[in-house]
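Coordinates as given in protein-v4.txt (compact mmCIF, C-alpha atoms):
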# COMPACT_ATOMS: atom_id res chain seq x y z
CA MET A 236 1.69 7.74 9.30
CA GLU A 237 -1.63 6.04 10.08
CA THR A 238 -2.55 8.78 12.55
CA GLN A 239 -1.59 11.51 10.07
CA LEU A 240 -3.67 9.87 7.34
CA LYS A 241 -6.72 9.73 9.60
CA GLU A 242 -6.32 13.39 10.53
CA THR A 243 -5.99 14.43 6.88
CA VAL A 244 -8.99 12.37 5.78
CA ASN A 245 -11.09 13.70 8.66
CA TYR A 246 -10.11 17.28 7.80
CA LEU A 247 -11.19 16.86 4.17
CA LYS A 248 -14.45 15.16 5.16
CA GLN A 249 -15.23 17.97 7.59
CA LYS A 250 -14.64 20.42 4.73
CA GLY A 251 -17.27 18.64 2.64
CA VAL A 252 -15.25 16.17 0.56
CA ASP A 253 -17.72 13.31 0.22
CA THR A 254 -16.70 9.97 -1.36
CA PRO A 255 -15.05 11.16 -4.60
CA GLU A 256 -15.00 8.35 -7.17
CA VAL A 257 -12.00 9.36 -9.26
CA GLY A 258 -8.60 10.65 -8.18
CA ILE A 259 -6.44 12.58 -10.64
CA VAL A 260 -2.78 13.63 -10.47
CA LEU A 261 -1.82 16.43 -12.86
CA GLY A 262 1.83 16.70 -13.89
CA THR A 263 4.09 19.50 -15.09
CA GLY A 264 2.23 22.01 -17.24
CA LEU A 265 -0.89 19.84 -17.30
CA GLY A 266 -3.51 21.87 -15.48
CA GLY A 267 -5.97 22.23 -18.35
CA LEU A 268 -8.23 19.48 -17.06
CA VAL A 269 -9.18 21.81 -14.23
CA SER A 270 -11.28 23.84 -16.69
CA GLU A 271 -13.53 20.79 -17.09
CA ILE A 272 -14.22 20.53 -13.36
CA ASN A 273 -17.29 21.95 -11.70
CA ILE A 274 -15.30 23.04 -8.66
CA ILE A 275 -16.92 22.59 -5.25
CA GLU A 276 -13.91 23.40 -3.09
CA GLU A 277 -10.19 24.06 -3.44
CA PHE A 278 -7.59 23.33 -0.78
CA PRO A 279 -4.08 24.81 -1.00
CA TYR A 280 -1.63 22.13 0.03
CA ASP A 281 -0.24 24.26 2.84
CA LYS A 282 -3.70 24.34 4.45
CA ILE A 283 -4.16 20.55 4.47
CA PRO A 284 -2.82 18.79 7.59
CA HIS A 285 0.33 16.75 6.89
CA PHE A 286 0.39 17.48 3.15
CA PRO A 287 3.75 18.34 1.61
CA VAL A 288 3.96 21.59 -0.38
CA SER A 289 4.96 21.59 -4.05
CA THR A 290 8.08 23.68 -4.74
CA VAL A 291 8.04 23.39 -8.55
CA GLU A 292 7.13 26.65 -10.25
CA SER A 293 4.92 24.93 -12.88
CA HIS A 294 2.89 23.10 -10.20
CA HIS A 295 0.00 25.03 -8.65
CA GLY A 296 -0.09 23.12 -5.36
CA LYS A 297 -3.75 22.64 -4.53
CA LEU A 298 -6.26 19.84 -4.10
CA ILE A 299 -9.49 20.36 -6.01
CA TYR A 300 -12.80 18.70 -5.17
CA GLY A 301 -15.59 18.85 -7.71
CA THR A 302 -17.40 16.99 -10.46
CA ILE A 303 -16.74 16.06 -14.07
CA GLY A 304 -20.02 14.98 -15.64
CA ASN A 305 -21.82 13.10 -12.88
CA LYS A 306 -18.64 11.87 -11.19
CA LYS A 307 -17.08 13.36 -8.08
CA VAL A 308 -13.35 13.90 -8.53
CA LEU A 309 -10.43 14.76 -6.27
CA VAL A 310 -7.62 16.36 -8.25
CA MET A 311 -4.02 17.09 -7.33
CA GLN A 312 -3.03 20.16 -9.31
CA GLY A 313 0.67 19.71 -8.77
CA ARG A 314 2.48 16.70 -7.33
CA PHE A 315 5.54 16.07 -5.18
CA HIS A 316 8.90 14.82 -6.44
CA TYR A 317 11.86 12.99 -4.98
CA TYR A 318 14.19 15.72 -6.28
CA GLU A 319 12.40 18.31 -4.14
CA GLY A 320 13.78 16.56 -1.10
CA TYR A 321 10.67 14.63 -0.07
CA ASN A 322 10.89 10.99 0.88
CA MET A 323 8.78 8.36 -0.87
CA LYS A 324 6.20 8.16 1.91
CA GLU A 325 5.63 11.92 1.71
CA ILE A 326 5.37 11.80 -2.09
CA THR A 327 2.71 9.10 -1.97
CA PHE A 328 0.83 10.35 1.10
CA PRO A 329 -1.93 11.97 -1.04
CA ILE A 330 -2.54 8.68 -2.88
CA ARG A 331 -3.25 6.91 0.39
CA VAL A 332 -5.53 9.79 1.39
CA MET A 333 -7.45 9.41 -1.89
CA LYS A 334 -7.95 5.69 -1.37
CA LEU A 335 -9.04 6.10 2.25
CA ILE A 336 -11.53 8.85 1.38
CA GLY A 337 -13.25 6.65 -1.20
CA VAL A 338 -11.53 7.05 -4.59
CA LYS A 339 -12.13 3.98 -6.80
CA ASN A 340 -9.88 4.78 -9.80
CA LEU A 341 -6.69 6.83 -10.10
CA LEU A 342 -5.73 8.75 -13.25
CA ILE A 343 -2.15 10.03 -13.45
CA SER A 344 -0.40 12.32 -15.93
CA ASN A 345 3.17 13.49 -16.33
CA ALA A 346 5.55 15.27 -18.67
CA ALA A 347 8.25 12.98 -20.03
CA GLY A 348 11.04 12.81 -22.56
CA ALA A 349 10.60 10.57 -25.61
CA VAL A 350 13.44 8.04 -25.62
CA ASN A 351 11.75 6.01 -28.34
CA THR A 352 12.88 7.89 -31.45
CA ASN A 353 9.64 6.97 -33.24
CA TYR A 354 7.73 9.12 -30.76
CA LYS A 355 7.60 12.89 -31.24
CA LYS A 356 7.20 15.72 -28.76
CA SER A 357 3.72 17.09 -28.08
CA THR A 358 2.18 13.63 -28.47
CA LEU A 359 0.84 11.32 -25.79
CA MET A 360 2.06 7.96 -24.51
CA LEU A 361 -0.10 5.51 -22.61
CA ILE A 362 2.09 3.88 -19.98
CA THR A 363 1.76 0.10 -20.17
CA ASP A 364 4.64 -0.78 -17.82
CA HIS A 365 7.61 0.80 -16.07
CA ILE A 366 11.18 0.20 -14.99
CA ASN A 367 11.79 1.75 -11.58
CA MET A 368 15.14 3.57 -11.37
CA TYR A 369 14.51 5.31 -8.04
CA PRO A 370 16.95 4.51 -5.21
CA ASP A 371 14.07 4.22 -2.73
CA ASN A 372 10.61 2.67 -2.51
CA PRO A 373 7.48 4.01 -0.78
CA LEU A 374 6.83 0.55 0.71
CA ARG A 375 10.20 0.31 2.46
CA GLY A 376 9.86 -0.13 6.20
CA LYS A 377 7.28 -1.88 8.35
CA ASN A 378 4.21 -2.90 6.36
CA ASN A 379 0.68 -2.00 7.41
CA ASP A 380 -1.43 -5.03 6.48
CA ASP A 381 -4.57 -2.89 6.58
CA PHE A 382 -3.24 -0.98 3.57
CA GLY A 383 -1.93 -3.92 1.56
CA PRO A 384 0.37 -6.96 1.49
CA ARG A 385 4.06 -6.96 2.35
CA PHE A 386 4.96 -8.07 -1.18
CA PRO A 387 2.37 -6.62 -3.59
CA ASP A 388 2.19 -8.13 -7.05
CA MET A 389 3.22 -5.79 -9.89
CA SER A 390 2.50 -7.98 -12.91
CA GLU A 391 -0.23 -5.53 -13.94
CA PRO A 392 0.61 -2.14 -12.40
CA TYR A 393 -1.59 -0.28 -14.91
CA SER A 394 -5.20 -1.37 -15.21
CA HIS A 395 -5.93 -3.28 -18.42
CA GLN A 396 -9.55 -2.19 -18.19
CA LEU A 397 -8.73 1.52 -17.95
CA ASN A 398 -6.05 1.25 -20.66
CA ASP A 399 -8.44 -0.52 -23.03
CA MET A 400 -11.01 2.23 -22.49
CA LEU A 401 -8.38 4.89 -23.24
CA ARG A 402 -7.37 3.10 -26.43
CA ALA A 403 -11.00 3.03 -27.56
CA ILE A 404 -11.52 6.70 -26.75
CA ALA A 405 -8.33 7.69 -28.59
CA GLN A 406 -9.50 5.83 -31.67
CA GLU A 407 -12.96 7.40 -31.51
CA LYS A 408 -11.54 10.91 -31.07
CA ASN A 409 -8.74 10.44 -33.61
CA ILE A 410 -6.06 11.09 -30.99
CA GLN A 411 -2.58 9.68 -31.50
CA LEU A 412 -1.87 7.59 -28.41
CA ASN A 413 1.55 5.97 -28.37
CA GLU A 414 2.17 3.17 -25.89
CA GLY A 415 5.26 2.21 -23.99
CA VAL A 416 7.43 1.68 -20.95
CA TYR A 417 8.08 4.61 -18.62
CA VAL A 418 11.37 4.93 -16.74
CA PRO A 419 11.49 7.26 -13.71
CA VAL A 420 14.82 8.74 -12.58
CA PRO A 421 15.53 10.83 -9.46
CA GLY A 422 16.26 14.13 -11.28
CA PRO A 423 16.21 17.08 -11.30
CA ASN A 424 18.83 17.19 -14.07
CA LEU A 425 17.95 15.91 -17.50
CA GLU A 426 19.85 12.89 -18.76
CA THR A 427 23.14 12.53 -20.59
CA ARG A 428 23.46 10.98 -24.03
CA ALA A 429 24.83 7.81 -22.46
CA GLU A 430 21.93 7.65 -20.01
CA TYR A 431 19.39 7.96 -22.83
CA ARG A 432 21.15 5.10 -24.64
CA MET A 433 21.03 3.01 -21.46
CA ILE A 434 17.31 3.65 -20.93
CA SER A 435 16.60 2.70 -24.53
CA MET A 436 18.66 -0.49 -24.20
CA LEU A 437 16.74 -1.41 -21.06
CA GLY A 438 13.47 -1.16 -23.00
CA GLY A 439 12.31 2.28 -21.95
CA ASP A 440 10.24 4.45 -24.29
CA ALA A 441 9.98 7.56 -22.12
CA VAL A 442 11.84 8.98 -19.15
CA GLY A 443 10.54 11.20 -16.36
CA MET A 444 10.85 12.04 -12.67
CA SER A 445 7.53 10.99 -11.15
CA THR A 446 4.49 8.67 -11.31
CA VAL A 447 5.96 5.29 -10.35
CA PRO A 448 5.93 5.88 -6.56
CA GLU A 449 2.23 6.75 -6.83
CA VAL A 450 1.58 3.68 -8.97
CA ILE A 451 3.35 1.41 -6.49
CA VAL A 452 1.24 2.70 -3.59
CA ALA A 453 -1.96 2.50 -5.67
CA ASN A 454 -1.21 -1.15 -6.38
CA HIS A 455 -0.38 -1.76 -2.73
CA MET A 456 -3.84 -0.47 -1.78
CA LYS A 457 -5.64 -2.22 -4.66
CA LEU A 458 -6.50 1.09 -6.34
CA PRO A 459 -6.79 0.64 -10.13
CA CYS A 460 -4.77 3.25 -11.99
CA CYS A 461 -3.69 4.41 -15.42
CA ALA A 462 -1.10 6.93 -16.52
CA ILE A 463 -0.43 9.02 -19.62
CA SER A 464 2.81 10.84 -20.43
CA VAL A 465 2.81 14.03 -22.43
CA LEU A 466 6.04 13.78 -24.43
CA THR A 467 7.68 17.17 -24.18
CA ASP A 468 11.11 16.62 -25.75
CA GLU A 469 12.87 14.14 -28.01
CA CYS A 470 15.77 12.29 -26.39
CA ASP A 471 17.71 10.98 -29.37
CA PRO A 472 21.32 10.75 -28.11
CA ASP A 473 22.66 11.12 -31.66
CA ASN A 474 20.71 14.34 -32.24
CA LEU A 475 20.39 15.83 -28.79
CA ALA A 476 19.58 19.51 -28.37
CA LEU A 477 19.49 21.73 -25.31
CA VAL A 478 16.03 22.00 -23.79
CA ALA A 479 14.67 24.62 -21.39
CA LEU A 480 11.72 24.39 -19.01
CA SER A 481 9.87 26.97 -21.10
CA GLU A 482 10.13 24.68 -24.13
CA ILE A 483 8.90 21.70 -22.11
CA LEU A 484 5.87 23.69 -20.94
CA GLU A 485 5.20 24.88 -24.48
CA ALA A 486 5.29 21.31 -25.82
CA ALA A 487 3.03 20.14 -23.00
CA ALA A 488 0.50 22.89 -23.76
CA ILE A 489 0.15 21.66 -27.35
CA ALA A 490 -0.78 18.11 -26.30
CA GLU A 491 -2.70 19.01 -23.17
CA PRO A 492 -6.14 19.39 -24.86
CA GLN A 493 -5.90 15.80 -26.10
CA LEU A 494 -5.02 14.55 -22.63
CA THR A 495 -7.98 16.49 -21.25
CA THR A 496 -10.29 14.91 -23.84
CA LEU A 497 -9.08 11.40 -23.04
CA TYR A 498 -9.42 11.74 -19.28
CA THR A 499 -12.74 13.62 -19.23
CA GLU A 500 -14.26 11.02 -21.52
CA LEU A 501 -12.78 8.18 -19.47
CA ILE A 502 -14.24 9.64 -16.29
CA LYS A 503 -17.70 9.70 -17.87
CA ARG A 504 -17.40 6.02 -18.84
CA ILE A 505 -15.93 4.58 -15.67
Please express what this file holds, its structure, as structure tokens.
Amino acid sequence: METQLKETVNYLKQKGVDTPEVGIVLGTGLGGLVSEINIIEEFPYDKIPHFPVSTVESHHGKLIYGTIGNKKVLVMQGRFHYYEGYNMKEITFPIRVMKLIGVKNLLISNAAGAVNTNYKKSTLMLITDHINMYPDNPLRGKNNDDFGPRFPDMSEPYSHQLNDMLRAIAQEKNIQLNEGVYVPVPGPNLETRAEYRMISMLGGDAVGMSTVPEVIVANHMKLPCCAISVLTDECDPDNLALVALSEILEAAAIAEPQLTTLYTELIKRI
């Protein structure tokens, strides 16, 4: 993997990507932030050496290099998921590329179901912690000490500094920003009533199918990160309704402008 990472980083540098300060991962239906970018260059994933290719219809599948305000950003418009058949090292490969090319802070977004019945769809949730339900880990296998320690600490997986800044911005902009514990599951099916009850009993506030592998690798490489879920459906097991992808995308679109506001303002203040 080390050789592949070097080749990918060298390719991007040769194409003009020069020490971006902020890395961003955009989740399902959350591409609106792209409109805030002064785009310098776009790279379809299938043109980047060793990059996986997103197979989810709501993910655009390109890496965008540009600026927001006076900050250089490198943005994944579309991510990779375990349920697509990729292994954890493939899923997190772009995060290692971001770190090695110079990114100093990582901003992640996702679409998630609201397990906490006090939280409503089309609102945002700042992730303060997670419970990892994946059957695999991106750090499994021989460790590369140049990247990080064999047993990285996870007592603060989400940066207190970045989270505090997001709380302040939300208050200033009058944006409802719930907070809670995110629980990732393999997917791609949504959960049963019993599974929602289990996640709630474990202490989860939202459930999704991404983000945590990226957070683990970011922590391994000492890359400060934060993550916000757009809550796209309400997962009350006693009042559960069928939900379609179109409804999830519609709910995400309602909250997306607030996510864009939070992250664009955060980027300016970092």
Nearest residue to A:Gly258 from the set A:Ala441, A:Leu475, A:Ile505, A:Leu309 (distances using all atoms listed in the file): A:Leu309
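Excluding A:Leu484 itself and any same-chain residue fewer than 2 positions from it, the protein and nucleic acid residues within 12 Å of it, counting all atoms listed in the file, are A:Gly262, A:Thr263, A:Gly264, A:Leu265, A:Gly266, A:Glu292, A:Ser293, A:His294, A:Asn345, A:Ala346, A:Ala347, A:Lys356, A:Ser357, A:Val465, A:Leu466, A:Thr467, A:Asp468, A:Val478, A:Ala479, A:Leu480, A:Ser481, A:Glu482, A:Ala486, A:Ala487, A:Ala488, A:Ile489, A:Ala490, A:Glu491.
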Those selected residues, please, written with C-alpha atoms and delivered as a short mmCIF file (atom, residue, chain, number, x, y, z; two decimals), keeping the file's coordinate frame.
data_model
loop_
_atom_site.label_atom_id
_atom_site.label_comp_id
_atom_site.auth_asym_id
_atom_site.auth_seq_id
_atom_site.Cartn_x
_atom_site.Cartn_y
_atom_site.Cartn_z
CA GLY A 262 1.83 16.70 -13.89
CA THR A 263 4.09 19.50 -15.09
CA GLY A 264 2.23 22.01 -17.24
CA LEU A 265 -0.89 19.84 -17.30
CA GLY A 266 -3.51 21.87 -15.48
CA GLU A 292 7.13 26.65 -10.25
CA SER A 293 4.92 24.93 -12.88
CA HIS A 294 2.89 23.10 -10.20
CA ASN A 345 3.17 13.49 -16.33
CA ALA A 346 5.55 15.27 -18.67
CA ALA A 347 8.25 12.98 -20.03
CA LYS A 356 7.20 15.72 -28.76
CA SER A 357 3.72 17.09 -28.08
CA VAL A 465 2.81 14.03 -22.43
CA LEU A 466 6.04 13.78 -24.43
CA THR A 467 7.68 17.17 -24.18
CA ASP A 468 11.11 16.62 -25.75
CA VAL A 478 16.03 22.00 -23.79
CA ALA A 479 14.67 24.62 -21.39
CA LEU A 480 11.72 24.39 -19.01
CA SER A 481 9.87 26.97 -21.10
CA GLU A 482 10.13 24.68 -24.13
CA ALA A 486 5.29 21.31 -25.82
CA ALA A 487 3.03 20.14 -23.00
CA ALA A 488 0.50 22.89 -23.76
CA ILE A 489 0.15 21.66 -27.35
CA ALA A 490 -0.78 18.11 -26.30
CA GLU A 491 -2.70 19.01 -23.17
#
Just give me the gap between atom CA of A:Asp381 and atom CA of A:Ile326 in Å, one decimal is fine. 19.7 Å
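Minimum distance to A:Gly304 across A:Met360, A:Cys460, A:Val332, A:Ile274 (counting only C-alpha atoms) occurs at A:Ile274.
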Determine the nearest neighbour of A:Thr302 from the options A:Val257, A:Met333, A:Val416, A:Leu342, counting all atoms listed in the file.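 Nearest to A:Thr302: A:Val257.
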Name the closest residue to A:Met368 among the candidates A:Pro459, A:Pro448, A:Gly337, A:Gly313; distances are taken between atoms, counting only C-alpha atoms.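 Using only C-alpha atoms, the shortest distance to A:Met368 belongs to A:Pro448.
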With distances taken over all atoms listed in the file, the candidate from A:Cys470, A:His365, A:His455, A:Phe315 nearest A:Val260 is A:Phe315
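If you measure from each of A:Glu469, A:Glu500, A:Asp253, A:Glu449 to A:Ser344 using all atoms listed in the file, the closest one turns out to be A:Glu449.
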Please list as an MDAnalysis selection string every residue within 12 Å of A:Ile410, counting all atoms listed in the file and excluding residues in the same chain fewer than 3 positions away. chainID A and resid 357:361 401:407 413 490:497
Contacts of A:Asp471 within 12 Å, all atoms listed in the file, excl. fewer than 2 positions in-chain, as a list in words: Gly348, Ala349, Val350, Asn351, Thr352, Asn353, Tyr354, Lys355, Lys356, Glu426, Thr427, Arg428, Ala429, Glu430, Tyr431, Arg432, Met433, Ile434, Ser435, Asp440, Ala441, Val442, Asp468, Glu469, Asp473, Asn474, Leu475, Ala476 and Leu477 of chain A
Please identify all polymer residues within 10 Å of A:Asn372, counting only C-alpha atoms, omitting same-chain residues fewer than 6 positions from it, and present them as a tab-separated table (two decimals) with C-alpha atoms, keeping the file's coordinate frame.
chain	number	residue	atom	x	y	z
A	322	ASN	CA	10.89	10.99	0.88
A	323	MET	CA	8.78	8.36	-0.87
A	324	LYS	CA	6.20	8.16	1.91
A	447	VAL	CA	5.96	5.29	-10.35
A	448	PRO	CA	5.93	5.88	-6.56
A	451	ILE	CA	3.35	1.41	-6.49
A	452	VAL	CA	1.24	2.70	-3.59
How many Å separate atom CA of A:Glu325 from atom CA of A:Pro287?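 Separation between atom CA of A:Glu325 and atom CA of A:Pro287: 6.7 Å.
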Skipping near chain neighbours, those fewer than 6 positions away, what residues fall within 12 Å of A:Val244 using all atoms listed in the file, listed as number ranges by chain? A: 237-238, 250-254, 283-286, 328-338
